[in-house]
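Printed here is start20.pdb (PDB, C-alpha atoms):
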ATOM      1  CA  MET A  10      85.625 -33.401   1.774
ATOM      2  CA  PHE A  11      85.540 -32.702   5.687
ATOM      3  CA  ILE A  12      79.873 -39.561   3.025
ATOM      4  CA  THR A  13      68.106 -52.233  -0.814
ATOM      5  CA  ALA A  14      65.330 -53.164  -0.787
ATOM      6  CA  GLY A  15      64.835 -56.579  -2.357
ATOM      7  CA  ILE A  16      68.526 -57.553  -2.236
ATOM      8  CA  ILE A  17      70.070 -60.055   0.172
ATOM      9  CA  TRP A  18      73.567 -58.989   1.190
ATOM     10  CA  MET A  19      76.039 -61.618   2.399
ATOM     11  CA  PRO A  20      78.329 -60.588   5.289
ATOM     12  CA  ALA A  21      82.023 -60.464   4.569
ATOM     13  CA  CYS A  22      84.076 -63.425   5.785
ATOM     14  CA  PRO A  23      86.746 -62.366   8.306
ATOM     15  CA  GLY A  24      90.287 -63.001   7.141
ATOM     16  CA  MET A  25      89.369 -63.368   3.459
ATOM     17  CA  LEU A  26      89.439 -59.689   2.547
ATOM     18  CA  PRO A  27      92.215 -57.126   3.085
ATOM     19  CA  ASP A  28      92.140 -54.632   5.936
ATOM     20  CA  MET A  29      90.552 -51.352   4.885
ATOM     21  CA  LEU A  30      91.019 -49.658   8.263
ATOM     22  CA  LYS A  31      92.969 -50.990  11.229
ATOM     23  CA  ILE A  32      93.085 -49.000  14.479
ATOM     24  CA  GLU A  33      95.221 -50.234  17.353
ATOM     25  CA  ASN A  34      95.208 -48.839  20.894
ATOM     26  CA  LEU A  35      94.298 -45.323  19.775
ATOM     27  CA  HIS A  36      94.522 -42.535  22.342
ATOM     28  CA  ALA A  37      93.487 -38.993  21.372
ATOM     29  CA  THR A  38      92.916 -35.721  23.161
ATOM     30  CA  VAL A  39      90.787 -32.644  22.528
ATOM     31  CA  ALA A  40      91.778 -29.417  24.314
ATOM     32  CA  ASP A  41      94.221 -31.466  26.428
ATOM     33  CA  LYS A  42      91.441 -33.794  27.598
ATOM     34  CA  GLU A  43      91.826 -37.462  26.710
ATOM     35  CA  ILE A  44      88.713 -38.693  24.895
ATOM     36  CA  LEU A  45      89.854 -41.863  23.116
ATOM     37  CA  LYS A  46      91.475 -44.226  25.588
ATOM     38  CA  GLY A  47      92.837 -47.267  23.826
ATOM     39  CA  LEU A  48      90.351 -47.804  21.010
ATOM     40  CA  SER A  49      91.007 -50.712  18.645
ATOM     41  CA  LEU A  50      88.932 -51.581  15.575
ATOM     42  CA  GLU A  51      89.491 -53.481  12.342
ATOM     43  CA  ILE A  52      87.346 -53.066   9.213
ATOM     44  CA  ASN A  53      87.832 -55.206   6.122
ATOM     45  CA  ALA A  54      86.836 -54.375   2.563
ATOM     46  CA  GLY A  55      83.259 -55.414   1.908
ATOM     47  CA  GLU A  56      82.112 -54.845   5.495
ATOM     48  CA  ILE A  57      79.733 -52.421   7.174
ATOM     49  CA  HIS A  58      80.385 -51.675  10.836
ATOM     50  CA  ALA A  59      78.178 -49.653  13.169
ATOM     51  CA  ILE A  60      79.359 -47.895  16.312
ATOM     52  CA  MET A  61      76.786 -47.036  18.955
ATOM     53  CA  GLY A  62      77.255 -45.523  22.391
ATOM     54  CA  PRO A  63      76.102 -42.925  24.898
ATOM     55  CA  ASN A  64      76.685 -39.192  24.521
ATOM     56  CA  GLY A  65      80.257 -38.226  25.314
ATOM     57  CA  ALA A  66      81.642 -41.686  24.604
ATOM     58  CA  GLY A  67      83.996 -40.421  21.872
ATOM     59  CA  LYS A  68      82.091 -41.286  18.689
ATOM     60  CA  SER A  69      82.481 -37.912  16.979
ATOM     61  CA  THR A  70      86.026 -37.595  18.312
ATOM     62  CA  LEU A  71      86.872 -40.831  16.510
ATOM     63  CA  THR A  72      85.415 -39.425  13.278
ATOM     64  CA  TYR A  73      87.333 -36.159  13.503
ATOM     65  CA  THR A  74      90.570 -37.844  14.550
ATOM     66  CA  LEU A  75      90.488 -40.198  11.580
ATOM     67  CA  GLY A  76      89.651 -37.308   9.268
ATOM     68  CA  GLY A  77      92.513 -35.149  10.567
ATOM     69  CA  ARG A  78      90.524 -32.254  11.983
ATOM     70  CA  PRO A  79      92.756 -29.670  13.713
ATOM     71  CA  GLY A  80      92.619 -29.792  17.503
ATOM     72  CA  TYR A  81      92.225 -33.572  17.669
ATOM     73  CA  GLU A  82      95.649 -34.844  18.757
ATOM     74  CA  VAL A  83      96.745 -38.464  18.577
ATOM     75  CA  THR A  84      98.898 -39.170  21.631
ATOM     76  CA  SER A  85      99.533 -42.875  21.017
ATOM     77  CA  GLY A  86      98.337 -45.791  18.937
ATOM     78  CA  THR A  87      98.193 -46.393  15.196
ATOM     79  CA  ALA A  88      95.738 -46.368  12.314
ATOM     80  CA  THR A  89      96.352 -47.725   8.835
ATOM     81  CA  PHE A  90      94.045 -47.051   5.901
ATOM     82  CA  ASP A  91      94.324 -49.338   2.891
ATOM     83  CA  GLY A  92      97.811 -50.318   4.075
ATOM     84  CA  ARG A  93      99.092 -46.756   4.667
ATOM     85  CA  ASP A  94      99.789 -44.933   7.909
ATOM     86  CA  LEU A  95      96.710 -42.725   8.181
ATOM     87  CA  PHE A  96      98.249 -40.268  10.610
ATOM     88  CA  ASP A  97     101.196 -39.597   8.291
ATOM     89  CA  MET A  98      98.747 -38.259   5.686
ATOM     90  CA  ALA A  99      97.363 -34.715   5.534
ATOM     91  CA  PRO A 100      93.544 -34.426   5.594
ATOM     92  CA  ASN A 101      93.370 -33.765   1.846
ATOM     93  CA  GLU A 102      95.583 -36.783   1.194
ATOM     94  CA  ARG A 103      93.276 -38.981   3.281
ATOM     95  CA  ALA A 104      90.325 -37.800   1.205
ATOM     96  CA  ALA A 105      92.163 -38.338  -2.084
ATOM     97  CA  ALA A 106      93.166 -41.841  -0.954
ATOM     98  CA  GLY A 107      89.473 -42.654  -0.571
ATOM     99  CA  LEU A 108      88.337 -41.617   2.913
ATOM    100  CA  PHE A 109      84.966 -39.844   3.066
ATOM    101  CA  LEU A 110      83.475 -38.229   6.175
ATOM    102  CA  GLY A 111      79.764 -37.580   6.503
ATOM    103  CA  PHE A 112      78.716 -35.197   9.248
ATOM    104  CA  GLN A 113      75.810 -34.946  11.640
ATOM    105  CA  TYR A 114      75.460 -31.283  10.641
ATOM    106  CA  PRO A 115      76.736 -30.735   7.070
ATOM    107  CA  VAL A 116      78.259 -27.294   6.679
ATOM    108  CA  GLU A 117      76.981 -24.526   4.453
ATOM    109  CA  ILE A 118      79.338 -22.805   1.987
ATOM    110  CA  PRO A 119      77.762 -19.535   0.803
ATOM    111  CA  GLY A 120      78.829 -18.309  -2.618
ATOM    112  CA  VAL A 121      80.109 -21.687  -3.837
ATOM    113  CA  SER A 122      77.759 -23.854  -5.889
ATOM    114  CA  ASN A 123      77.496 -27.591  -5.366
ATOM    115  CA  VAL A 124      78.639 -28.178  -8.943
ATOM    116  CA  GLN A 125      81.674 -25.926  -8.586
ATOM    117  CA  PHE A 126      82.638 -27.320  -5.195
ATOM    118  CA  LEU A 127      82.352 -30.955  -6.202
ATOM    119  CA  ARG A 128      84.079 -30.620  -9.563
ATOM    120  CA  GLU A 129      87.051 -28.917  -7.891
ATOM    121  CA  ALA A 130      87.128 -31.509  -5.091
ATOM    122  CA  LEU A 131      86.903 -34.462  -7.467
ATOM    123  CA  ASN A 132      89.557 -33.174  -9.864
ATOM    124  CA  ALA A 133      91.898 -32.285  -6.991
ATOM    125  CA  GLN A 134      91.630 -35.869  -5.782
ATOM    126  CA  ARG A 135      92.146 -37.248  -9.292
ATOM    127  CA  LYS A 136      95.267 -35.099  -9.705
ATOM    128  CA  TRP A 137      96.679 -36.422  -6.402
ATOM    129  CA  ARG A 138      96.127 -39.973  -7.673
ATOM    130  CA  GLY A 139      97.789 -39.199 -11.015
ATOM    131  CA  GLU A 140      94.523 -39.314 -12.972
ATOM    132  CA  GLU A 141      93.313 -36.944 -15.684
ATOM    133  CA  PRO A 142      90.683 -34.366 -14.627
ATOM    134  CA  LEU A 143      87.101 -34.864 -15.724
ATOM    135  CA  SER A 144      85.841 -32.487 -18.364
ATOM    136  CA  GLY A 145      82.891 -30.267 -17.556
ATOM    137  CA  GLY A 146      80.569 -32.466 -19.604
ATOM    138  CA  ASP A 147      81.731 -35.719 -18.021
ATOM    139  CA  PHE A 148      81.445 -34.243 -14.547
ATOM    140  CA  LEU A 149      77.908 -32.971 -15.154
ATOM    141  CA  LYS A 150      76.903 -36.420 -16.423
ATOM    142  CA  ARG A 151      78.223 -38.015 -13.230
ATOM    143  CA  ALA A 152      76.591 -35.350 -11.056
ATOM    144  CA  ARG A 153      73.224 -35.747 -12.798
ATOM    145  CA  THR A 154      73.310 -39.531 -12.345
ATOM    146  CA  GLN A 155      73.976 -39.213  -8.608
ATOM    147  CA  ALA A 156      71.453 -36.404  -8.105
ATOM    148  CA  ASP A 157      68.734 -38.335  -9.941
ATOM    149  CA  ALA A 158      69.412 -41.394  -7.798
ATOM    150  CA  MET A 159      68.852 -39.311  -4.642
ATOM    151  CA  GLY A 160      65.775 -37.528  -5.975
ATOM    152  CA  MET A 161      67.540 -34.156  -6.223
ATOM    153  CA  HIS A 162      66.850 -31.809  -9.125
ATOM    154  CA  MET A 163      69.944 -30.442 -10.868
ATOM    155  CA  ASP A 164      68.767 -26.925 -10.009
ATOM    156  CA  MET A 165      69.719 -27.723  -6.407
ATOM    157  CA  MET A 166      73.185 -28.720  -7.565
ATOM    158  CA  LYS A 167      73.638 -25.194  -8.893
ATOM    159  CA  ARG A 168      72.782 -23.604  -5.544
ATOM    160  CA  PRO A 169      75.401 -22.719  -2.894
ATOM    161  CA  VAL A 170      76.457 -25.792  -0.905
ATOM    162  CA  ASN A 171      73.668 -26.621   1.590
ATOM    163  CA  VAL A 172      72.520 -22.976   1.839
ATOM    164  CA  GLY A 173      68.774 -22.904   2.416
ATOM    165  CA  PHE A 174      68.562 -26.699   2.399
ATOM    166  CA  SER A 175      66.400 -28.539   4.907
ATOM    167  CA  GLY A 176      68.007 -31.127   7.156
ATOM    168  CA  GLY A 177      66.870 -33.937   4.880
ATOM    169  CA  GLU A 178      68.080 -32.114   1.770
ATOM    170  CA  LYS A 179      71.513 -31.643   3.319
ATOM    171  CA  LYS A 180      71.807 -35.365   3.982
ATOM    172  CA  ARG A 181      70.647 -36.230   0.463
ATOM    173  CA  ASN A 182      73.176 -33.751  -0.873
ATOM    174  CA  GLU A 183      75.871 -35.442   1.192
ATOM    175  CA  MET A 184      74.961 -38.774  -0.413
ATOM    176  CA  VAL A 185      75.256 -37.113  -3.842
ATOM    177  CA  GLN A 186      78.705 -35.867  -2.838
ATOM    178  CA  MET A 187      79.679 -39.370  -1.715
ATOM    179  CA  GLY A 188      78.447 -40.873  -4.976
ATOM    180  CA  ILE A 189      80.433 -38.383  -7.054
ATOM    181  CA  LEU A 190      83.657 -38.788  -5.061
ATOM    182  CA  ASP A 191      83.243 -42.599  -4.952
ATOM    183  CA  PRO A 192      85.354 -43.276  -1.822
ATOM    184  CA  LYS A 193      86.778 -46.561  -0.558
ATOM    185  CA  LEU A 194      85.735 -45.996   3.056
ATOM    186  CA  ALA A 195      82.829 -43.866   4.262
ATOM    187  CA  ILE A 196      82.688 -42.808   7.913
ATOM    188  CA  LEU A 197      79.193 -41.463   8.503
ATOM    189  CA  ASP A 198      78.627 -39.633  11.785
ATOM    190  CA  GLU A 199      74.924 -39.735  12.733
ATOM    191  CA  THR A 200      73.753 -39.468   9.138
ATOM    192  CA  ASP A 201      70.258 -40.360  10.370
ATOM    193  CA  SER A 202      70.053 -37.282  12.592
ATOM    194  CA  GLY A 203      67.055 -35.100  11.733
ATOM    195  CA  LEU A 204      65.678 -37.373   9.024
ATOM    196  CA  ASP A 205      62.009 -38.298   8.721
ATOM    197  CA  ILE A 206      60.977 -41.818   7.720
ATOM    198  CA  ASP A 207      60.968 -41.165   3.968
ATOM    199  CA  ALA A 208      64.304 -39.351   3.971
ATOM    200  CA  LEU A 209      65.832 -42.066   6.152
ATOM    201  CA  ARG A 210      64.860 -44.707   3.609
ATOM    202  CA  VAL A 211      66.249 -42.675   0.704
ATOM    203  CA  VAL A 212      69.538 -42.013   2.486
ATOM    204  CA  GLY A 213      69.817 -45.648   3.565
ATOM    205  CA  ASP A 214      69.234 -46.831   0.009
ATOM    206  CA  GLY A 215      71.879 -44.350  -1.138
ATOM    207  CA  ILE A 216      74.466 -45.767   1.257
ATOM    208  CA  ASN A 217      73.737 -49.296   0.047
ATOM    209  CA  ARG A 218      73.856 -48.302  -3.617
ATOM    210  CA  ILE A 219      77.151 -46.429  -3.377
ATOM    211  CA  MET A 220      79.073 -48.326  -0.728
ATOM    212  CA  ARG A 221      77.736 -51.908  -0.455
ATOM    213  CA  LYS A 222      80.484 -53.333  -2.687
ATOM    214  CA  PRO A 223      83.313 -55.854  -2.180
ATOM    215  CA  ASP A 224      86.054 -53.228  -2.472
ATOM    216  CA  LYS A 225      84.442 -50.633  -0.171
ATOM    217  CA  ALA A 226      83.629 -50.350   3.529
ATOM    218  CA  VAL A 227      81.430 -48.250   5.796
ATOM    219  CA  LEU A 228      81.627 -47.150   9.427
ATOM    220  CA  LEU A 229      78.231 -45.931  10.617
ATOM    221  CA  ILE A 230      78.084 -43.957  13.847
ATOM    222  CA  THR A 231      74.566 -43.764  15.219
ATOM    223  CA  HIS A 232      72.474 -43.614  18.380
ATOM    224  CA  TYR A 233      69.548 -45.563  17.035
ATOM    225  CA  GLN A 234      68.585 -48.853  15.421
ATOM    226  CA  ARG A 235      66.394 -47.203  12.780
ATOM    227  CA  LEU A 236      69.170 -46.518  10.246
ATOM    228  CA  LEU A 237      70.367 -50.104  10.663
ATOM    229  CA  ASP A 238      66.965 -51.307   9.452
ATOM    230  CA  TYR A 239      67.946 -49.924   6.030
ATOM    231  CA  VAL A 240      71.738 -50.403   6.121
ATOM    232  CA  GLN A 241      72.261 -53.719   7.863
ATOM    233  CA  PRO A 242      75.716 -53.890   9.450
ATOM    234  CA  ASP A 243      77.930 -56.946   9.556
ATOM    235  CA  PHE A 244      79.222 -55.881  12.981
ATOM    236  CA  VAL A 245      77.984 -53.599  15.766
ATOM    237  CA  HIS A 246      80.319 -52.132  18.392
ATOM    238  CA  VAL A 247      79.579 -50.297  21.632
ATOM    239  CA  LEU A 248      81.856 -47.339  22.322
ATOM    240  CA  ALA A 249      81.954 -46.155  25.927
ATOM    241  CA  ALA A 250      84.497 -44.047  27.814
ATOM    242  CA  GLY A 251      86.772 -43.833  24.797
ATOM    243  CA  ARG A 252      87.097 -47.494  23.848
ATOM    244  CA  ILE A 253      85.170 -50.382  22.315
ATOM    245  CA  VAL A 254      83.616 -52.324  25.201
ATOM    246  CA  LYS A 255      81.483 -54.853  23.297
ATOM    247  CA  SER A 256      81.102 -56.115  19.744
ATOM    248  CA  GLY A 257      78.576 -58.363  18.040
ATOM    249  CA  GLY A 258      76.308 -58.781  15.062
ATOM    250  CA  PRO A 259      73.170 -56.837  14.091
ATOM    251  CA  GLU A 260      71.343 -58.330  17.067
ATOM    252  CA  LEU A 261      73.494 -56.221  19.413
ATOM    253  CA  ALA A 262      71.852 -53.035  18.097
ATOM    254  CA  LEU A 263      68.431 -54.493  18.915
ATOM    255  CA  GLU A 264      69.625 -55.345  22.418
ATOM    256  CA  LEU A 265      70.843 -51.788  22.922
ATOM    257  CA  GLU A 266      67.533 -50.419  21.660
ATOM    258  CA  ARG A 267      65.685 -52.513  24.260
ATOM    259  CA  GLU A 268      68.014 -52.195  27.240
ATOM    260  CA  GLY A 269      70.107 -49.059  26.722
ATOM    261  CA  TYR A 270      73.791 -48.571  27.398
ATOM    262  CA  ALA A 271      73.902 -48.430  31.204
ATOM    263  CA  GLU A 272      74.749 -52.060  31.915
ATOM    264  CA  ILE A 273      77.116 -52.553  28.970
ATOM    265  CA  ALA A 274      78.978 -49.270  29.479
ATOM    266  CA  ALA A 275      79.334 -49.699  33.241
TER     267      ALA A 275
END
Any chance you could put this one into structure tokens?
Amino acid sequence: MFITAGIIWMPACPGMLPDMLKIENLHATVADKEILKGLSLEINAGEIHAIMGPNGAGKSTLTYTLGGRPGYEVTSGTATFDGRDLFDMAPNERAAAGLFLGFQYPVEIPGVSNVQFLREALNAQRKWRGEEPLSGGDFLKRARTQADAMGMHMDMMKRPVNVGFSGGEKKRNEMVQMGILDPKLAILDETDSGLDIDALRVVGDGINRIMRKPDKAVLLITHYQRLLDYVQPDFVHVLAAGRIVKSGGPELALELEREGYAEIAA
């Protein structure tokens, strides 16, 4: 694929959990233009990190580079995912190893139903990991559980992927996909884009339900504080001019909301 109320979540303790994702001095180009210019970031299992930054800073480029999208070339630096060299893995291998990408604008796939698409994707990943495929009945049970949790009727799961869906429905559908695939690391690129207040809450609760676990991690890429009201990060980073220029706790997002990026990104 190429991603509570009433519960107190304890931040992960640095150094006590294994690295989920470790990026060191990453440089990457798009159409021969360098976008990432020495980005370093470390995410441990059990942590939620948020990246914020101005337009053109390289946030989406980071997402696509980690996912292995064609045209995004790594020129130097390293990235390991769950102890493996990420850039030595094909995009489908990254997904099967547990990397999930959520997009600002989820794509439509006419002629392919959600159920068909997700069963094939899940069983392809299970085969890569040496696991037995899920039967049709077992898959439908899993799909129904995830759809119910996101307030989606199973009739929508039988429709072509995202075709005719509203913006909010596409994001809910993406959370259903994430729940079915059950990744280790979710990188969510502006998942809050286009969501109204109710949909934002539902999507935020979905992220917490699926990914707020000791053996999983999340990288949220967002412009705004509002998603972080529902999915509280352990760490917030400012990305500007292709590198991380400042890091802090959840209070950093509030500072950015008040003061903007100009002074920090200068």
Applying the PyMOL selection byres ((chain A and resi 159-174) around 12) to the file I just gave you, which residues come out? Please list them as a ChimeraX atom specification.
/A:114-128,149-158,175-189,207-216,218-219
Test item: residues at most 10 Å from Leu75 in chain A, only C-alpha atoms, excluding those fewer than 5 positions along its chain, as a count of residues only
15
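Of the listed residues A:Gly62, A:Gly92, A:Gly55, A:Gly146, the one whose atoms come nearest to Arg252 in chain A is A:Gly62, with distances taken using only C-alpha atoms.
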Which residue gives the smallest distance to Thr72 in chain A among A:Ala133, A:Ala37, A:Gly258, A:His246, with only C-alpha atoms counted?
A:Ala37
Selection dump of the PyMOL selection byres ((chain A and resi 29) around 9), as a ChimeraX atom specification
/A:26-28,30-31,51-55,89-92,193-194,224-226
On this structure, the PyMOL selection byres ((chain A and resi 237) around 12) would catch which residues? List them as a PyMOL selection string, sorted by chain and number.
chain A and resi 13+57-61+199-201+209-210+212-214+216-217+228-236+238-245+258-263+266
What does the distance from CA of Leu50 in chain A to CA of Lys68 in chain A come to in Å, to one decimal?
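It comes out at 12.7 Å.
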Find, counting all atoms listed in the file, the residue in A:Gly145, A:Glu264, A:Ala250, A:Met220 that gets nearest to Pro63 in chain A.
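That would be A:Ala250, the residue with the smallest distance to Pro63 in chain A.
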